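A short write-up of the structure that comes next.
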Amino acid sequence: MLIRFFFACRAVVLVVAAMLSASVSAEGKRTHQQKNLLTLVELNCENLFDTRHDSLKNDYEFLPDGAYHWSRSRYWKKLDAIGREIIGCGENDNGWMLPDLVALVEVENDTVLTDLTRRSLLRSARYEYVMTDSSDERGVDVALLYSPFSFSLISSSSFRIDPPRGLRPTRDILYAVGRIITGDTLHIFVLHAPSRAQGEAPTQRYRMRVAERVIAAVDSIKASDEDAKIIVAGDFNDYVKNQPLRYLADNGLHSVSENAQGRNGARGTYCYHGDWSSLDHILASPAMYRRVEECFIYDAPYLLTDDEQYGGRKPARTFLGPRYLGGTSDHLPLVARFSIGKEQ
């Protein structure tokens with residue numbers, strides 16, 4: 001009975017996704033021009049690994065015989081869940097519009113991105129993507145999905161951050177530049193800063209290196225175009241009050257997501273021991289910040305579960321340690337919408 005129910009739900013979502021993306025395929029550019037909005041989503045996918053071993057990476061936990069017993073059925077269920085989540089982020093008061101850009105964190109490799117964009121529930125949306133190939137020991141990377149109807153990629157590259165002595169390599173910073181439907185150039189950085197697992201103090205020095213590299217790149221862009229349109233998004237593993245985020249703010253990047261709230265009770269993108277907080281952030285240069293229409297946390301009920309220990313609700317995560325829970329991710333997505341009409 002449960003199996004029939006699952007496949008029935010999957011079929012419904014697939015039909016809806018196909019209908020919506022067909023509308024985008026036929027009228028995507030005109031729809032975006034009419035609404036004069038550009039939508040960016042930031043999402044930590046919580047260990048989106050495939051089920052095959054990469055001989056150069058420590059991904060043994062996420063193999064069928066690994067600690068997490070990561071099977072093909074679990075993998076495809078997660079891909080479809082993330083696809084549904086991204087489609088859901090396009091909902092707004094006026095209906096629905098396919099997100100133009102999706103900054104993804106904790107994705108393993110090109111196989112995962114190909115499966116997500118070409119073979120999951122998201123396939124009819126026709127997203128293209130670019131991603132990093134980092135020296136992270138587990139093989140975790142970041143990626144940018146983009147709709148070719150509203151973003152024309154010019155180029156992409158990545159920046160590697162050398163670790164301080166004694167710390168493990170981190171993820172590269174992804175940099176993509178392209179043209180939006182107005183003809184303006186948009187610069188996007190996607191990052192996943194070093195975690196706090198090796199201690200907050202030593203790893204914060206590492207995260208400062210990431211912040212300094214972002215500002216160096218931003219300053220280089222602004223040297224050619226003072227009013228450059230720039231967005232920085234990702235999992236910073238820091239809060240707004242911490243030094244790396246303050247450094248970014250002090251050097252001309254404004255927080256788009258600082259006051260973002262969910263519409264179903266989420267007060268952050270992450271919940272730990274009953275406390276909501278946000279390690280995920282979206283920042284923008286002044287030229288993009290003054291175009292912000294809204295920024296919120298997408299906390300649809302199907303992305304939440306009851307917090308039986310601390311009360312309230314929390315993100316429905318895929319795993320708790322090695323215990324499989326079957327949720328989508330331990331992070332909720334940020335959604336930011338920018339006006340891209342006439343100059344403001």
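Residues are named by chain letter and number: chains run A, B, ... in the order of the structure tokens, numbers start at 1 in each chain, and ligands are numbered from 1 in the order shown.
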
Got a sec: who's within 10 Å of Ala249 (chain A), counting only C-alpha atoms, leaving out chain neighbours fewer than 4 positions off, as an NGL selection string? :A and (215 or 240 or 243-245 or 253-255 or 283-285)

For the contact check between region 138-164 of chain A and region 62-67 of chain A, emit one row per residue of region 138-164 of chain A within 12 Å, containing the shortest atom pair and the distance in Å rounded to one decimal, counting only C-alpha atoms, chain then rising number order, as CSV.
residue,atom,partner,partner_atom,distance
A:Arg138,CA,A:Phe62,CA,9.9
A:Gly139,CA,A:Phe62,CA,11.1
A:Val140,CA,A:Phe62,CA,11.8

Restrict the selected residues to N, CA, C and O atoms and save them as a tab-separated table (two decimals), in the first residue's frame.
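Wrote again-v3.tsv, looks like this:
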chain	number	residue	atom	x	y	z
A	138	ARG	N	36.14	14.06	0.99
A	138	ARG	CA	34.94	13.25	0.81
A	138	ARG	C	34.36	13.38	-0.60
A	138	ARG	O	33.46	12.64	-0.97
A	139	GLY	N	34.86	14.34	-1.35
A	139	GLY	CA	34.36	14.55	-2.70
A	139	GLY	C	33.18	15.48	-2.79
A	139	GLY	O	32.49	15.52	-3.82
A	140	VAL	N	32.93	16.26	-1.74
A	140	VAL	CA	31.79	17.18	-1.74
A	140	VAL	C	32.13	18.44	-2.54
A	140	VAL	O	33.22	19.00	-2.40

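Each of A:Leu79, A:Val102, A:Leu167, A:Leu303 was checked against Gly234 (chain A) using only C-alpha atoms; the smallest atom-to-atom distance is that of A:Val102.
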
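Near Glu293 (chain A), within 12 Å and counting only C-alpha atoms, sit A:Lys35, A:Asn36, A:Leu37, A:Leu38, A:Thr39, A:Leu40, A:Asn92, A:Val256, A:Ser257, A:Met288, A:Val335, A:Ala336, A:Arg337, A:Phe338, A:Ser339, A:Ile340, A:Gly341, A:Gln344, not including residues fewer than 5 positions from it in the same chain.
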
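With only C-alpha atoms as the atoms that count, the minimum distance from Glu91 (chain A) to the choices A:Ala287, A:Ala316, A:Ala300, A:Leu122 is reached by A:Ala300.
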
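With CA of Arg317 (chain A) on one side and CA of Gly265 (chain A) on the other, the separation reads 16.8 Å.
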
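Comparing the minimum interatomic distances between Asp238 (chain A) and each of A:Ser277, A:Asn251, A:Ser152, A:Asn259, counting only C-alpha atoms, we find that A:Ser277 sits nearest.
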
Among region 177-338 of chain A, which ones does DSSP assign to helix (DSSP H, G or I) (computed from the backbone)? Answer as JSON, numbers by chain. {"A": [200, 201, 202, 203, 204, 205, 206, 207, 208, 209, 210, 211, 212, 213, 214, 215, 216, 217, 218, 219, 220, 221, 222, 223, 224, 243, 244, 245, 246, 247, 248, 249, 250, 286, 287, 288, 289, 301, 302, 303]}

I'd like the contact shell of region 161-165 of chain A - 10 Å cut-off, only C-alpha atoms, skipping same-chain residues fewer than 5 positions apart - returned as JSON, numbers by chain. {"A": [134, 135, 170, 171, 172, 173, 193, 194, 202, 203, 205, 206, 207, 209, 210, 213]}

Kindly save the residues from that selection, with all heavy atoms included, as a short mmCIF file (atom, residue, chain, number, x, y, z; two decimals), in the first residue's frame.
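Wrote it out as out-v8.cif, contents follow:
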data_model
loop_
_atom_site.label_atom_id
_atom_site.label_comp_id
_atom_site.auth_asym_id
_atom_site.auth_seq_id
_atom_site.Cartn_x
_atom_site.Cartn_y
_atom_site.Cartn_z
N SER A 134 36.59 19.89 -6.43
CA SER A 134 37.42 20.33 -5.31
C SER A 134 38.35 19.23 -4.81
O SER A 134 38.23 18.06 -5.18
CB SER A 134 36.53 20.80 -4.16
OG SER A 134 35.63 21.80 -4.58
N SER A 135 39.23 19.61 -3.91
CA SER A 135 40.13 18.65 -3.27
C SER A 135 39.57 18.16 -1.94
O SER A 135 40.28 17.50 -1.18
CB SER A 135 41.51 19.29 -3.05
OG SER A 135 41.39 20.48 -2.29
N THR A 170 39.26 22.11 1.75
CA THR A 170 37.84 22.46 1.70
C THR A 170 37.35 22.52 0.26
O THR A 170 38.08 22.22 -0.70
CB THR A 170 37.58 23.80 2.41
OG1 THR A 170 36.17 23.97 2.59
CG2 THR A 170 38.13 24.97 1.60
N ARG A 171 36.10 22.91 0.10
CA ARG A 171 35.51 23.02 -1.23
C ARG A 171 36.01 24.27 -1.95
O ARG A 171 36.21 25.32 -1.34
CB ARG A 171 33.98 23.10 -1.12
CG ARG A 171 33.27 21.80 -0.88
CD ARG A 171 33.48 21.20 0.49
NE ARG A 171 33.13 22.09 1.59
CZ ARG A 171 33.10 21.70 2.86
NH1 ARG A 171 33.42 20.45 3.20
NH2 ARG A 171 32.79 22.55 3.82
N ASP A 172 36.17 24.17 -3.26
CA ASP A 172 36.50 25.34 -4.06
C ASP A 172 35.30 26.30 -4.10
O ASP A 172 34.15 25.89 -3.91
CB ASP A 172 36.85 24.94 -5.49
CG ASP A 172 38.13 24.12 -5.59
OD1 ASP A 172 38.84 24.02 -4.58
OD2 ASP A 172 38.39 23.58 -6.68
N ILE A 173 35.59 27.56 -4.38
CA ILE A 173 34.54 28.55 -4.62
C ILE A 173 34.21 28.52 -6.11
O ILE A 173 35.10 28.60 -6.96
CB ILE A 173 35.02 29.96 -4.22
CG1 ILE A 173 35.40 30.00 -2.73
CG2 ILE A 173 33.94 31.00 -4.53
CD1 ILE A 173 36.13 31.27 -2.34
N ALA A 193 31.84 26.93 2.90
CA ALA A 193 33.01 27.21 3.73
C ALA A 193 33.35 26.02 4.62
O ALA A 193 32.50 25.17 4.89
CB ALA A 193 32.75 28.47 4.57
N PRO A 194 34.59 25.95 5.12
CA PRO A 194 35.00 24.83 5.97
C PRO A 194 34.09 24.67 7.19
O PRO A 194 33.64 25.65 7.78
CB PRO A 194 36.42 25.21 6.39
CG PRO A 194 36.90 26.12 5.31
CD PRO A 194 35.70 26.88 4.86
N PRO A 202 40.21 27.36 15.09
CA PRO A 202 41.10 27.15 13.94
C PRO A 202 40.38 27.15 12.61
O PRO A 202 40.92 27.64 11.60
CB PRO A 202 41.74 25.79 14.23
CG PRO A 202 40.83 25.12 15.18
CD PRO A 202 40.22 26.21 16.00
N THR A 203 39.16 26.63 12.58
CA THR A 203 38.44 26.60 11.30
C THR A 203 37.90 27.97 10.92
O THR A 203 37.69 28.24 9.73
CB THR A 203 37.29 25.57 11.33
OG1 THR A 203 36.38 25.90 12.39
CG2 THR A 203 37.83 24.17 11.54
N ARG A 205 39.59 30.69 11.13
CA ARG A 205 40.69 31.29 10.36
C ARG A 205 40.63 30.81 8.90
O ARG A 205 40.91 31.57 7.97
CB ARG A 205 42.03 30.92 10.98
CG ARG A 205 42.28 31.52 12.35
CD ARG A 205 43.75 31.47 12.72
NE ARG A 205 44.24 30.09 12.80
CZ ARG A 205 44.20 29.35 13.90
NH1 ARG A 205 43.68 29.85 15.00
NH2 ARG A 205 44.69 28.12 13.90
N TYR A 206 40.25 29.56 8.74
CA TYR A 206 40.11 28.99 7.40
C TYR A 206 38.94 29.65 6.67
O TYR A 206 39.04 30.00 5.48
CB TYR A 206 39.88 27.49 7.55
CG TYR A 206 40.19 26.63 6.36
CD1 TYR A 206 40.04 25.25 6.44
CD2 TYR A 206 40.64 27.17 5.15
CE1 TYR A 206 40.30 24.42 5.37
CE2 TYR A 206 40.92 26.35 4.07
CZ TYR A 206 40.75 24.98 4.18
OH TYR A 206 41.02 24.15 3.11
N ARG A 207 37.84 29.83 7.38
CA ARG A 207 36.68 30.47 6.75
C ARG A 207 36.97 31.93 6.41
O ARG A 207 36.42 32.47 5.45
CB ARG A 207 35.45 30.34 7.65
CG ARG A 207 34.93 28.90 7.76
CD ARG A 207 33.59 28.83 8.45
NE ARG A 207 33.67 29.16 9.87
CZ ARG A 207 34.02 28.31 10.81
NH1 ARG A 207 34.35 27.07 10.51
NH2 ARG A 207 34.07 28.68 12.08
N ARG A 209 39.80 32.92 5.27
CA ARG A 209 40.50 32.85 3.98
C ARG A 209 39.51 32.79 2.82
O ARG A 209 39.74 33.39 1.77
CB ARG A 209 41.42 31.63 3.94
CG ARG A 209 42.62 31.70 4.86
CD ARG A 209 43.61 30.58 4.57
NE ARG A 209 44.76 30.65 5.46
CZ ARG A 209 45.85 29.89 5.35
NH1 ARG A 209 45.92 28.99 4.37
NH2 ARG A 209 46.86 30.01 6.20
N VAL A 210 38.42 32.06 3.03
CA VAL A 210 37.38 31.99 2.01
C VAL A 210 36.76 33.37 1.79
O VAL A 210 36.59 33.82 0.65
CB VAL A 210 36.30 30.97 2.41
CG1 VAL A 210 35.12 31.01 1.44
CG2 VAL A 210 36.89 29.56 2.48
N ARG A 213 39.09 35.66 -0.04
CA ARG A 213 39.21 35.33 -1.47
C ARG A 213 37.98 35.84 -2.23
O ARG A 213 38.11 36.30 -3.38
CB ARG A 213 39.35 33.81 -1.65
CG ARG A 213 39.61 33.41 -3.12
CD ARG A 213 40.95 33.96 -3.58
NE ARG A 213 41.21 33.69 -4.98
CZ ARG A 213 40.85 34.46 -5.99
NH1 ARG A 213 40.14 35.60 -5.76
NH2 ARG A 213 41.16 34.15 -7.24
#

Apply DSSP to the backbone of this structure and, from region 284-320 of chain A, keep only the residues in strand (DSSP E or B); write these as a PDB file with all heavy atoms, in the first residue's frame.
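Writing done, so here's selection_29.pdb:
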ATOM      1  N   ALA A 284      24.806  40.323  -1.600  1.00  0.00           N
ATOM      2  CA  ALA A 284      24.785  40.968  -2.909  1.00  0.00           C
ATOM      3  C   ALA A 284      25.547  42.283  -2.872  1.00  0.00           C
ATOM      4  O   ALA A 284      25.648  42.944  -1.829  1.00  0.00           O
ATOM      5  CB  ALA A 284      23.346  41.207  -3.366  1.00  0.00           C
ATOM      6  N   VAL A 292      16.486  43.885  -4.445  1.00  0.00           N
ATOM      7  CA  VAL A 292      15.845  42.792  -3.715  1.00  0.00           C
ATOM      8  C   VAL A 292      14.360  43.085  -3.530  1.00  0.00           C
ATOM      9  O   VAL A 292      13.977  44.143  -3.016  1.00  0.00           O
ATOM     10  CB  VAL A 292      16.509  42.590  -2.337  1.00  0.00           C
ATOM     11  CG1 VAL A 292      15.744  41.533  -1.526  1.00  0.00           C
ATOM     12  CG2 VAL A 292      17.961  42.163  -2.508  1.00  0.00           C
ATOM     13  N   GLU A 293      13.537  42.144  -3.950  1.00  0.00           N
ATOM     14  CA  GLU A 293      12.097  42.242  -3.753  1.00  0.00           C
ATOM     15  C   GLU A 293      11.670  41.489  -2.491  1.00  0.00           C
ATOM     16  O   GLU A 293      10.829  41.961  -1.735  1.00  0.00           O
ATOM     17  CB  GLU A 293      11.358  41.672  -4.965  1.00  0.00           C
ATOM     18  CG  GLU A 293      11.513  42.495  -6.229  1.00  0.00           C
ATOM     19  CD  GLU A 293      10.765  43.816  -6.141  1.00  0.00           C
ATOM     20  OE1 GLU A 293       9.656  43.844  -5.563  1.00  0.00           O
ATOM     21  OE2 GLU A 293      11.299  44.820  -6.637  1.00  0.00           O
ATOM     22  N   GLU A 294      12.262  40.324  -2.271  1.00  0.00           N
ATOM     23  CA  GLU A 294      11.954  39.540  -1.079  1.00  0.00           C
ATOM     24  C   GLU A 294      13.000  38.452  -0.920  1.00  0.00           C
ATOM     25  O   GLU A 294      13.679  38.070  -1.888  1.00  0.00           O
ATOM     26  CB  GLU A 294      10.554  38.909  -1.159  1.00  0.00           C
ATOM     27  CG  GLU A 294      10.383  37.898  -2.281  1.00  0.00           C
ATOM     28  CD  GLU A 294       9.026  37.213  -2.246  1.00  0.00           C
ATOM     29  OE1 GLU A 294       8.361  37.252  -1.184  1.00  0.00           O
ATOM     30  OE2 GLU A 294       8.633  36.634  -3.278  1.00  0.00           O
ATOM     31  N   CYS A 295      13.128  37.971   0.298  1.00  0.00           N
ATOM     32  CA  CYS A 295      13.953  36.811   0.580  1.00  0.00           C
ATOM     33  C   CYS A 295      13.298  36.060   1.725  1.00  0.00           C
ATOM     34  O   CYS A 295      12.966  36.657   2.756  1.00  0.00           O
ATOM     35  CB  CYS A 295      15.384  37.210   0.943  1.00  0.00           C
ATOM     36  SG  CYS A 295      16.477  35.791   1.204  1.00  0.00           S
ATOM     37  N   PHE A 296      13.098  34.765   1.539  1.00  0.00           N
ATOM     38  CA  PHE A 296      12.426  33.981   2.570  1.00  0.00           C
ATOM     39  C   PHE A 296      12.986  32.571   2.597  1.00  0.00           C
ATOM     40  O   PHE A 296      13.717  32.139   1.690  1.00  0.00           O
ATOM     41  CB  PHE A 296      10.910  33.952   2.333  1.00  0.00           C
ATOM     42  CG  PHE A 296      10.489  33.314   1.031  1.00  0.00           C
ATOM     43  CD1 PHE A 296      10.176  31.960   0.959  1.00  0.00           C
ATOM     44  CD2 PHE A 296      10.413  34.076  -0.128  1.00  0.00           C
ATOM     45  CE1 PHE A 296       9.798  31.384  -0.236  1.00  0.00           C
ATOM     46  CE2 PHE A 296      10.027  33.506  -1.334  1.00  0.00           C
ATOM     47  CZ  PHE A 296       9.716  32.147  -1.386  1.00  0.00           C
ATOM     48  N   ILE A 297      12.657  31.858   3.650  1.00  0.00           N
ATOM     49  CA  ILE A 297      13.034  30.451   3.791  1.00  0.00           C
ATOM     50  C   ILE A 297      11.867  29.615   3.302  1.00  0.00           C
ATOM     51  O   ILE A 297      10.727  29.797   3.756  1.00  0.00           O
ATOM     52  CB  ILE A 297      13.373  30.125   5.253  1.00  0.00           C
ATOM     53  CG1 ILE A 297      14.566  30.959   5.722  1.00  0.00           C
ATOM     54  CG2 ILE A 297      13.658  28.627   5.436  1.00  0.00           C
ATOM     55  CD1 ILE A 297      14.740  30.982   7.226  1.00  0.00           C
ATOM     56  N   LEU A 304       9.347  19.549   6.610  1.00  0.00           N
ATOM     57  CA  LEU A 304       9.474  19.630   8.069  1.00  0.00           C
ATOM     58  C   LEU A 304       8.978  18.343   8.719  1.00  0.00           C
ATOM     59  O   LEU A 304       8.215  17.586   8.137  1.00  0.00           O
ATOM     60  CB  LEU A 304       8.672  20.817   8.596  1.00  0.00           C
ATOM     61  CG  LEU A 304       9.024  22.202   8.043  1.00  0.00           C
ATOM     62  CD1 LEU A 304       8.024  23.228   8.539  1.00  0.00           C
ATOM     63  CD2 LEU A 304      10.443  22.599   8.435  1.00  0.00           C
ATOM     64  N   THR A 305       9.438  18.146   9.952  1.00  0.00           N
ATOM     65  CA  THR A 305       8.970  17.021  10.755  1.00  0.00           C
ATOM     66  C   THR A 305       8.878  17.474  12.201  1.00  0.00           C
ATOM     67  O   THR A 305       9.475  18.489  12.587  1.00  0.00           O
ATOM     68  CB  THR A 305       9.929  15.814  10.623  1.00  0.00           C
ATOM     69  OG1 THR A 305       9.353  14.678  11.260  1.00  0.00           O
ATOM     70  CG2 THR A 305      11.279  16.105  11.258  1.00  0.00           C
ATOM     71  N   ASP A 306       8.127  16.747  13.005  1.00  0.00           N
ATOM     72  CA  ASP A 306       8.012  17.084  14.417  1.00  0.00           C
ATOM     73  C   ASP A 306       9.338  16.859  15.132  1.00  0.00           C
ATOM     74  O   ASP A 306      10.021  15.857  14.908  1.00  0.00           O
ATOM     75  CB  ASP A 306       6.934  16.232  15.088  1.00  0.00           C
ATOM     76  CG  ASP A 306       5.536  16.583  14.617  1.00  0.00           C
ATOM     77  OD1 ASP A 306       5.325  17.731  14.185  1.00  0.00           O
ATOM     78  OD2 ASP A 306       4.652  15.698  14.676  1.00  0.00           O
ATOM     79  N   ARG A 313       8.848  22.160  15.243  1.00  0.00           N
ATOM     80  CA  ARG A 313       9.164  21.501  13.986  1.00  0.00           C
ATOM     81  C   ARG A 313      10.628  21.718  13.634  1.00  0.00           C
ATOM     82  O   ARG A 313      11.264  22.658  14.124  1.00  0.00           O
ATOM     83  CB  ARG A 313       8.274  22.043  12.867  1.00  0.00           C
ATOM     84  CG  ARG A 313       6.786  21.945  13.135  1.00  0.00           C
ATOM     85  CD  ARG A 313       6.245  20.574  12.791  1.00  0.00           C
ATOM     86  NE  ARG A 313       5.994  20.455  11.365  1.00  0.00           N
ATOM     87  CZ  ARG A 313       5.706  19.302  10.750  1.00  0.00           C
ATOM     88  NH1 ARG A 313       5.689  18.182  11.448  1.00  0.00           N
ATOM     89  NH2 ARG A 313       5.455  19.267   9.448  1.00  0.00           N
ATOM     90  N   LYS A 314      11.152  20.909  12.754  1.00  0.00           N
ATOM     91  CA  LYS A 314      12.532  21.023  12.289  1.00  0.00           C
ATOM     92  C   LYS A 314      12.628  20.441  10.886  1.00  0.00           C
ATOM     93  O   LYS A 314      11.712  19.733  10.438  1.00  0.00           O
ATOM     94  CB  LYS A 314      13.478  20.281  13.239  1.00  0.00           C
ATOM     95  CG  LYS A 314      13.234  18.778  13.304  1.00  0.00           C
ATOM     96  CD  LYS A 314      14.197  18.099  14.268  1.00  0.00           C
ATOM     97  CE  LYS A 314      13.945  16.584  14.312  1.00  0.00           C
ATOM     98  NZ  LYS A 314      14.878  15.906  15.239  1.00  0.00           N
ATOM     99  N   PRO A 315      13.726  20.711  10.155  1.00  0.00           N
ATOM    100  CA  PRO A 315      13.861  20.137   8.814  1.00  0.00           C
ATOM    101  C   PRO A 315      13.858  18.610   8.853  1.00  0.00           C
ATOM    102  O   PRO A 315      14.450  18.004   9.755  1.00  0.00           O
ATOM    103  CB  PRO A 315      15.216  20.676   8.336  1.00  0.00           C
ATOM    104  CG  PRO A 315      15.409  21.942   9.114  1.00  0.00           C
ATOM    105  CD  PRO A 315      14.809  21.670  10.453  1.00  0.00           C
ATOM    106  N   PHE A 319      19.429  11.727   7.032  1.00  0.00           N
ATOM    107  CA  PHE A 319      20.065  10.854   8.013  1.00  0.00           C
ATOM    108  C   PHE A 319      20.227  11.580   9.342  1.00  0.00           C
ATOM    109  O   PHE A 319      20.383  12.805   9.388  1.00  0.00           O
ATOM    110  CB  PHE A 319      21.458  10.423   7.547  1.00  0.00           C
ATOM    111  CG  PHE A 319      21.458   9.332   6.513  1.00  0.00           C
ATOM    112  CD1 PHE A 319      21.529   9.636   5.162  1.00  0.00           C
ATOM    113  CD2 PHE A 319      21.398   7.997   6.889  1.00  0.00           C
ATOM    114  CE1 PHE A 319      21.539   8.640   4.205  1.00  0.00           C
ATOM    115  CE2 PHE A 319      21.409   6.986   5.940  1.00  0.00           C
ATOM    116  CZ  PHE A 319      21.475   7.310   4.600  1.00  0.00           C
ATOM    117  N   LEU A 320      20.227  10.813  10.421  1.00  0.00           N
ATOM    118  CA  LEU A 320      20.685  11.269  11.723  1.00  0.00           C
ATOM    119  C   LEU A 320      21.786  10.313  12.124  1.00  0.00           C
ATOM    120  O   LEU A 320      21.524   9.176  12.518  1.00  0.00           O
ATOM    121  CB  LEU A 320      19.558  11.248  12.752  1.00  0.00           C
ATOM    122  CG  LEU A 320      19.933  11.738  14.160  1.00  0.00           C
ATOM    123  CD1 LEU A 320      20.435  13.181  14.113  1.00  0.00           C
ATOM    124  CD2 LEU A 320      18.757  11.611  15.118  1.00  0.00           C
TER     125      LEU A 320
END

Name the residues in contact with Tyr298 (chain A) at a cut-off of 10 Å, using only C-alpha atoms, excluding same-chain residues fewer than 5 positions from it; report them as a compact mmCIF listing (two decimals) with N, CA and C atoms, in the first residue's frame.
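around_14.txt written:
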# COMPACT_ATOMS: atom_id res chain seq x y z
N VAL A 41 17.77 30.45 -5.70
CA VAL A 41 17.58 29.54 -4.56
C VAL A 41 18.94 29.08 -4.09
N LEU A 43 20.59 26.09 -1.56
CA LEU A 43 20.17 24.88 -0.87
C LEU A 43 21.36 23.98 -0.57
N GLU A 85 11.53 19.96 -4.34
CA GLU A 85 11.80 21.12 -3.49
C GLU A 85 12.17 22.34 -4.34
N ILE A 86 13.02 22.15 -5.34
CA ILE A 86 13.42 23.26 -6.20
C ILE A 86 12.21 23.81 -6.96
N GLY A 88 9.15 23.65 -5.99
CA GLY A 88 8.31 24.33 -5.01
C GLY A 88 8.79 25.73 -4.67
N CYS A 89 10.10 25.94 -4.75
CA CYS A 89 10.65 27.26 -4.44
C CYS A 89 10.20 28.33 -5.43
N GLY A 90 9.62 27.92 -6.55
CA GLY A 90 9.12 28.88 -7.53
C GLY A 90 7.75 29.42 -7.21
N GLU A 91 7.12 28.91 -6.15
CA GLU A 91 5.79 29.39 -5.78
C GLU A 91 5.86 30.82 -5.27
N ALA A 260 15.55 36.70 6.81
CA ALA A 260 14.64 35.77 6.14
C ALA A 260 13.95 34.86 7.15
N GLN A 261 12.67 34.66 6.93
CA GLN A 261 11.86 33.79 7.78
C GLN A 261 11.07 32.83 6.90
N GLY A 262 10.66 31.72 7.50
CA GLY A 262 9.79 30.80 6.79
C GLY A 262 8.34 31.20 6.92
N ARG A 263 7.51 30.62 6.10
CA ARG A 263 6.08 30.92 6.13
C ARG A 263 5.30 29.88 6.92
N ASN A 264 6.03 28.87 7.41
CA ASN A 264 5.40 27.83 8.22
C ASN A 264 6.13 27.63 9.54
N ALA A 266 9.55 28.32 10.31
CA ALA A 266 11.01 28.23 10.36
C ALA A 266 11.62 29.60 10.62
N THR A 269 17.52 28.40 8.53
CA THR A 269 17.61 27.31 7.55
C THR A 269 18.01 26.00 8.20
N LEU A 303 8.70 19.50 4.00
CA LEU A 303 10.13 19.58 4.30
C LEU A 303 10.40 19.59 5.80
N LEU A 332 17.03 23.93 5.10
CA LEU A 332 15.95 24.45 4.27
C LEU A 332 16.51 25.45 3.26
N PRO A 333 15.90 25.58 2.11
CA PRO A 333 16.42 26.49 1.10
C PRO A 333 16.06 27.95 1.35
N LEU A 334 16.96 28.82 0.93
CA LEU A 334 16.69 30.25 0.87
C LEU A 334 16.22 30.61 -0.53
N VAL A 335 15.25 31.50 -0.61
CA VAL A 335 14.74 31.97 -1.90
C VAL A 335 14.83 33.50 -1.92

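Distances to Phe151 (chain A) were evaluated for A:Ile221, A:Thr132, A:His187, A:Arg118 using only C-alpha atoms, and the minimum falls at A:His187.
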
Applying 7 Å and only C-alpha atoms, which residues near region 174-180 of chain A remain after dropping the ones on its own chain fewer than 4 positions away? List them as a ChimeraX atom specification. /A:131-132,142,150-159,184-191
